[in-house]
Amino acid sequence: MATVLVTGATGFVGRRLVPALLAQGHRVRAMTRNPSKYSGEGEAVGADVMDRASLDRALVDVDVAIYLVHSLDDPDFERKDAEAARHFSAAAAAAGVRQIVYLGGLGSEDDELSAHLRSRREVEKLLAGDGVPVTALRAAIIVGHGGISWELTRQLVKNLPAMVVPSWVTTRTQPIALDDVVRYLAGVVDNEETFGRVFEVGGPAAMTYLEMMQEASLVSDGKKLLIVQVPVMTPRLSSYWLALVTDVDVTTGRNLIDSMSTEVVVSETSIRDVVPGEPMTYAESVRIALAERKAAQG
């Protein structure tokens with residue numbers, strides 16, 4: 001079994017991935033900026049992706065490093081994420097890491113990608129810049145309790161029995177359950193067949209954002225939303241609209257909305273050859289996310 005470093009171990013995906021890796025028999029280091037406050041599983045290790053020296057210490061004797069870091073809530077996130085990726089790539093190479101696993105974003109190279117998706121693609125390339133093989137998993141919306149994109153959907157459905165929505169709700173995406181993302185990430189760890197490869201991951205069906213909201217409403221309340229589309233609503237106005245009816249801040253909302261006009265759907269399913277099993281449906285993932293939220297609230 002491998003020694004695996006999980007960056008962002010307290011985050012939405014990381015906190016679920018650490019126990020999954022331990023269950024497979026791996027030795028897991030949970031990287032966080034505040035190890036004294038870490039209460040999850042694995043060995044807590046303190047490091048910051050913007051501090052190269054701390055990364056050198058955290059990566060000693062690590063076989064596989066999983067990179068789950070982004071700065072979407074920062075106005076200067078593109079520069080910061082690029083700088084962090086350069087630090088991590090160099091530190092991983094110096095430590096002799098065998099594989100970096102990265103969770104990035106879907107989106108065709110032929111499309112004009114948003115700043116968010118463009119940054120994810122740049123980070124993917126920068127992580128490989130010093131020669132460590134990168135395994136990239138590209139996903140669209142991840143449905144699970146605590147995920148920003150899912151929270152936007154849940155809160156909109158909960159707070160607005162009727163909605164006036166921008167035209168980007170007709171854009172197609174391919175949501176995937178958090179459980180499936182964790183399963184795929186764990187499945188590629190230390191698997192030489194996946195070194196240097198890119199995999200697209202998604203649920204069984206592409207959906208528009210409108211269809212996602214309608215189905216989430218049916219699953220949670222058994223009701224169909226009344227939705228009226230407006231032809232023009234700028235990303236700036238959309239971000240203020242989201243901030244008004246959800247608890248997502250304007251900067252994060254703006255960066256997410258910029259991506260919502262780009263179709264992000266799976267074009268190949270080779271991940272299923274490497275990590276067998278059918279992904280959950282959107283309705284199943286919504287039920288699990290709602291149940292976990294209810295359990296977390298006591």
# chains A, B, ... in the order shown; residues from 1 in each chain; ligands from 1
>>> residues_around(residues="range 191-207 of chain A", least_positions_apart="4", cutoff="7 Å", atoms="only C-alpha atoms", output="list in words")
Gln99, Leu106, Pro133, Val134, Thr135, Ala136, Leu137, Arg138, Ala139, Arg172, Thr173, Gln174, Pro175, Ile176, Ala177, Glu211, Met212, Val265, Val266, Glu268, Thr269, Ser270, Ile271, Pro279, Met280, Thr281 and Tyr282 of chain A
>>> write_last_selection(atoms="N, CA and C atoms", output="short mmCIF file (atom, residue, chain, number, x, y, z; two decimals), in the first residue's frame")
data_model
loop_
_atom_site.label_atom_id
_atom_site.label_comp_id
_atom_site.auth_asym_id
_atom_site.auth_seq_id
_atom_site.Cartn_x
_atom_site.Cartn_y
_atom_site.Cartn_z
N GLN A 99 3.15 9.91 -8.13
CA GLN A 99 1.92 10.28 -8.84
C GLN A 99 1.25 11.45 -8.14
N LEU A 106 -14.46 19.75 -16.10
CA LEU A 106 -14.81 19.38 -17.47
C LEU A 106 -14.84 20.63 -18.35
N PRO A 133 4.19 12.23 -12.89
CA PRO A 133 2.98 11.88 -13.66
C PRO A 133 1.71 12.35 -12.94
N VAL A 134 0.84 13.01 -13.69
CA VAL A 134 -0.42 13.50 -13.13
C VAL A 134 -1.57 12.66 -13.67
N THR A 135 -2.45 12.26 -12.77
CA THR A 135 -3.73 11.65 -13.17
C THR A 135 -4.80 12.68 -12.90
N ALA A 136 -5.45 13.16 -13.95
CA ALA A 136 -6.47 14.21 -13.80
C ALA A 136 -7.86 13.64 -13.98
N LEU A 137 -8.71 13.92 -13.03
CA LEU A 137 -10.13 13.60 -13.14
C LEU A 137 -10.88 14.91 -13.32
N ARG A 138 -11.61 15.02 -14.43
CA ARG A 138 -12.34 16.25 -14.72
C ARG A 138 -13.82 16.05 -14.47
N ALA A 139 -14.39 16.89 -13.62
CA ALA A 139 -15.79 16.75 -13.23
C ALA A 139 -16.52 18.07 -13.44
N ARG A 172 -26.24 22.75 -20.65
CA ARG A 172 -26.14 21.38 -20.16
C ARG A 172 -24.86 21.17 -19.34
N THR A 173 -24.99 20.36 -18.30
CA THR A 173 -23.86 19.93 -17.49
C THR A 173 -24.07 18.45 -17.17
N GLN A 174 -23.14 17.84 -16.46
CA GLN A 174 -23.29 16.42 -16.14
C GLN A 174 -22.94 16.19 -14.68
N PRO A 175 -23.92 16.39 -13.79
CA PRO A 175 -23.65 16.27 -12.35
C PRO A 175 -23.24 14.86 -11.97
N ILE A 176 -22.43 14.79 -10.92
CA ILE A 176 -21.94 13.51 -10.42
C ILE A 176 -22.03 13.49 -8.90
N ALA A 177 -22.38 12.34 -8.34
CA ALA A 177 -22.49 12.19 -6.89
C ALA A 177 -21.11 12.27 -6.24
N GLU A 211 -33.30 21.63 -15.48
CA GLU A 211 -33.74 20.27 -15.16
C GLU A 211 -33.24 19.84 -13.79
N MET A 212 -32.03 20.24 -13.44
CA MET A 212 -31.49 19.90 -12.12
C MET A 212 -32.32 20.53 -11.00
N VAL A 265 -20.00 18.45 -20.45
CA VAL A 265 -20.54 17.10 -20.42
C VAL A 265 -19.43 16.11 -20.75
N VAL A 266 -19.60 14.88 -20.30
CA VAL A 266 -18.62 13.83 -20.49
C VAL A 266 -18.62 13.38 -21.95
N GLU A 268 -16.13 10.95 -22.94
CA GLU A 268 -15.56 9.60 -22.95
C GLU A 268 -15.67 9.02 -21.54
N THR A 269 -15.80 7.70 -21.45
CA THR A 269 -16.07 7.05 -20.16
C THR A 269 -15.03 6.01 -19.80
N SER A 270 -13.77 6.24 -20.19
CA SER A 270 -12.73 5.24 -19.92
C SER A 270 -12.48 5.03 -18.44
N ILE A 271 -12.88 5.98 -17.58
CA ILE A 271 -12.71 5.79 -16.13
C ILE A 271 -13.43 4.53 -15.65
N PRO A 279 -22.27 4.83 -12.08
CA PRO A 279 -22.46 5.99 -11.21
C PRO A 279 -23.92 6.18 -10.84
N MET A 280 -24.14 6.84 -9.72
CA MET A 280 -25.50 7.11 -9.25
C MET A 280 -26.23 8.07 -10.17
N THR A 281 -27.55 7.99 -10.17
CA THR A 281 -28.36 8.97 -10.88
C THR A 281 -28.36 10.27 -10.11
N TYR A 282 -28.78 11.33 -10.78
CA TYR A 282 -28.87 12.63 -10.10
C TYR A 282 -29.86 12.57 -8.95
#
>>> select_by_dssp(residues="range 45-74 of chain A", states="helix (DSSP H, G or I)", output="count of residues only")
7
>>> closest_atom_pairs(of="range 96-209 of chain A", to="range 46-63 of chain A", cutoff="8 Å", atoms="only C-alpha atoms", output="Markdown table")
| residue | atom | partner | partner_atom | distance |
| --- | --- | --- | --- | --- |
| A:Gly96 | CA | A:Asp63 | CA | 7.6 |
| A:Val97 | CA | A:Asp63 | CA | 4.9 |
| A:Arg98 | CA | A:Asp63 | CA | 5.3 |
| A:Gln99 | CA | A:Asp63 | CA | 6.8 |
| A:Asp190 | CA | A:Asp63 | CA | 7.8 |
>>> residues_around(residues="Arg27 in chain A", least_positions_apart="2", cutoff="12 Å", atoms="only C-alpha atoms", output="PyMOL selection string")
chain A and resi 1-6+18-25+29-30+41-44+61-65+189
>>> atom_distance(atom1="CA of Trp150 in chain A", atom2="CA of Val286 in chain A")
8.7 Å
>>> atom_distance(atom1="CA of Gly11 in chain A", atom2="CA of Leu68 in chain A")
8.2 Å
>>> atom_distance(atom1="CA of His145 in chain A", atom2="CA of Ala289 in chain A")
4.7 Å
>>> select_by_dssp(residues="range 83-134 of chain A", states="strand (DSSP E)", output="list in words")
Gln99, Ile100, Val101, Tyr102, Leu103, Gly104, Gly105 and Val134 of chain A
>>> write_last_selection(atoms="N, CA, C and O atoms", output="PDB file, in the first residue's frame")
ATOM      1  N   GLN A  99       3.150   9.907  -8.129  1.00  0.00           N
ATOM      2  CA  GLN A  99       1.921  10.277  -8.845  1.00  0.00           C
ATOM      3  C   GLN A  99       1.248  11.445  -8.137  1.00  0.00           C
ATOM      4  O   GLN A  99       1.191  11.490  -6.908  1.00  0.00           O
ATOM      5  N   ILE A 100       0.746  12.381  -8.932  1.00  0.00           N
ATOM      6  CA  ILE A 100      -0.149  13.427  -8.418  1.00  0.00           C
ATOM      7  C   ILE A 100      -1.529  13.159  -9.002  1.00  0.00           C
ATOM      8  O   ILE A 100      -1.673  12.956 -10.214  1.00  0.00           O
ATOM      9  N   VAL A 101      -2.536  13.149  -8.156  1.00  0.00           N
ATOM     10  CA  VAL A 101      -3.926  12.992  -8.597  1.00  0.00           C
ATOM     11  C   VAL A 101      -4.616  14.342  -8.421  1.00  0.00           C
ATOM     12  O   VAL A 101      -4.578  14.937  -7.337  1.00  0.00           O
ATOM     13  N   TYR A 102      -5.239  14.823  -9.493  1.00  0.00           N
ATOM     14  CA  TYR A 102      -5.851  16.154  -9.479  1.00  0.00           C
ATOM     15  C   TYR A 102      -7.311  16.084  -9.886  1.00  0.00           C
ATOM     16  O   TYR A 102      -7.652  15.440 -10.889  1.00  0.00           O
ATOM     17  N   LEU A 103      -8.159  16.759  -9.129  1.00  0.00           N
ATOM     18  CA  LEU A 103      -9.576  16.868  -9.466  1.00  0.00           C
ATOM     19  C   LEU A 103      -9.811  18.217 -10.128  1.00  0.00           C
ATOM     20  O   LEU A 103      -9.791  19.260  -9.469  1.00  0.00           O
ATOM     21  N   GLY A 104     -10.014  18.197 -11.443  1.00  0.00           N
ATOM     22  CA  GLY A 104     -10.195  19.422 -12.202  1.00  0.00           C
ATOM     23  C   GLY A 104     -11.601  19.561 -12.748  1.00  0.00           C
ATOM     24  O   GLY A 104     -12.548  18.970 -12.238  1.00  0.00           O
ATOM     25  N   GLY A 105     -11.744  20.359 -13.811  1.00  0.00           N
ATOM     26  CA  GLY A 105     -13.069  20.659 -14.346  1.00  0.00           C
ATOM     27  C   GLY A 105     -13.242  20.199 -15.778  1.00  0.00           C
ATOM     28  O   GLY A 105     -12.311  20.264 -16.590  1.00  0.00           O
ATOM     29  N   VAL A 134       0.844  13.008 -13.686  1.00  0.00           N
ATOM     30  CA  VAL A 134      -0.420  13.495 -13.132  1.00  0.00           C
ATOM     31  C   VAL A 134      -1.574  12.658 -13.671  1.00  0.00           C
ATOM     32  O   VAL A 134      -1.646  12.382 -14.872  1.00  0.00           O
TER      33      VAL A 134
END
>>> closest_residue(among="A:Ala296, A:Ser217, A:Glu124, A:Thr246", to="Ile148 in chain A", atoms="only C-alpha atoms")
A:Thr246
>>> residues_around(residues="Arg154 in chain A", least_positions_apart="6", cutoff="9 Å", atoms="only C-alpha atoms", output="PDB file with N, CA and C atoms, in the first residue's frame")
ATOM      1  N   MET A 213     -32.682  21.791 -11.166  1.00  0.00           N
ATOM      2  CA  MET A 213     -33.491  22.450 -10.136  1.00  0.00           C
ATOM      3  C   MET A 213     -34.875  21.824 -10.037  1.00  0.00           C
ATOM      4  N   ALA A 216     -34.485  18.407  -8.333  1.00  0.00           N
ATOM      5  CA  ALA A 216     -34.159  18.580  -6.916  1.00  0.00           C
ATOM      6  C   ALA A 216     -35.403  18.979  -6.123  1.00  0.00           C
ATOM      7  N   SER A 217     -36.234  19.814  -6.720  1.00  0.00           N
ATOM      8  CA  SER A 217     -37.480  20.215  -6.064  1.00  0.00           C
ATOM      9  C   SER A 217     -38.421  19.025  -5.899  1.00  0.00           C
ATOM     10  N   SER A 220     -36.975  16.713  -3.119  1.00  0.00           N
ATOM     11  CA  SER A 220     -36.993  17.257  -1.759  1.00  0.00           C
ATOM     12  C   SER A 220     -38.395  17.564  -1.248  1.00  0.00           C
ATOM     13  N   LEU A 290     -29.347  15.354   0.727  1.00  0.00           N
ATOM     14  CA  LEU A 290     -30.371  15.871   1.661  1.00  0.00           C
ATOM     15  C   LEU A 290     -30.368  15.091   2.968  1.00  0.00           C
TER      16      LEU A 290
END
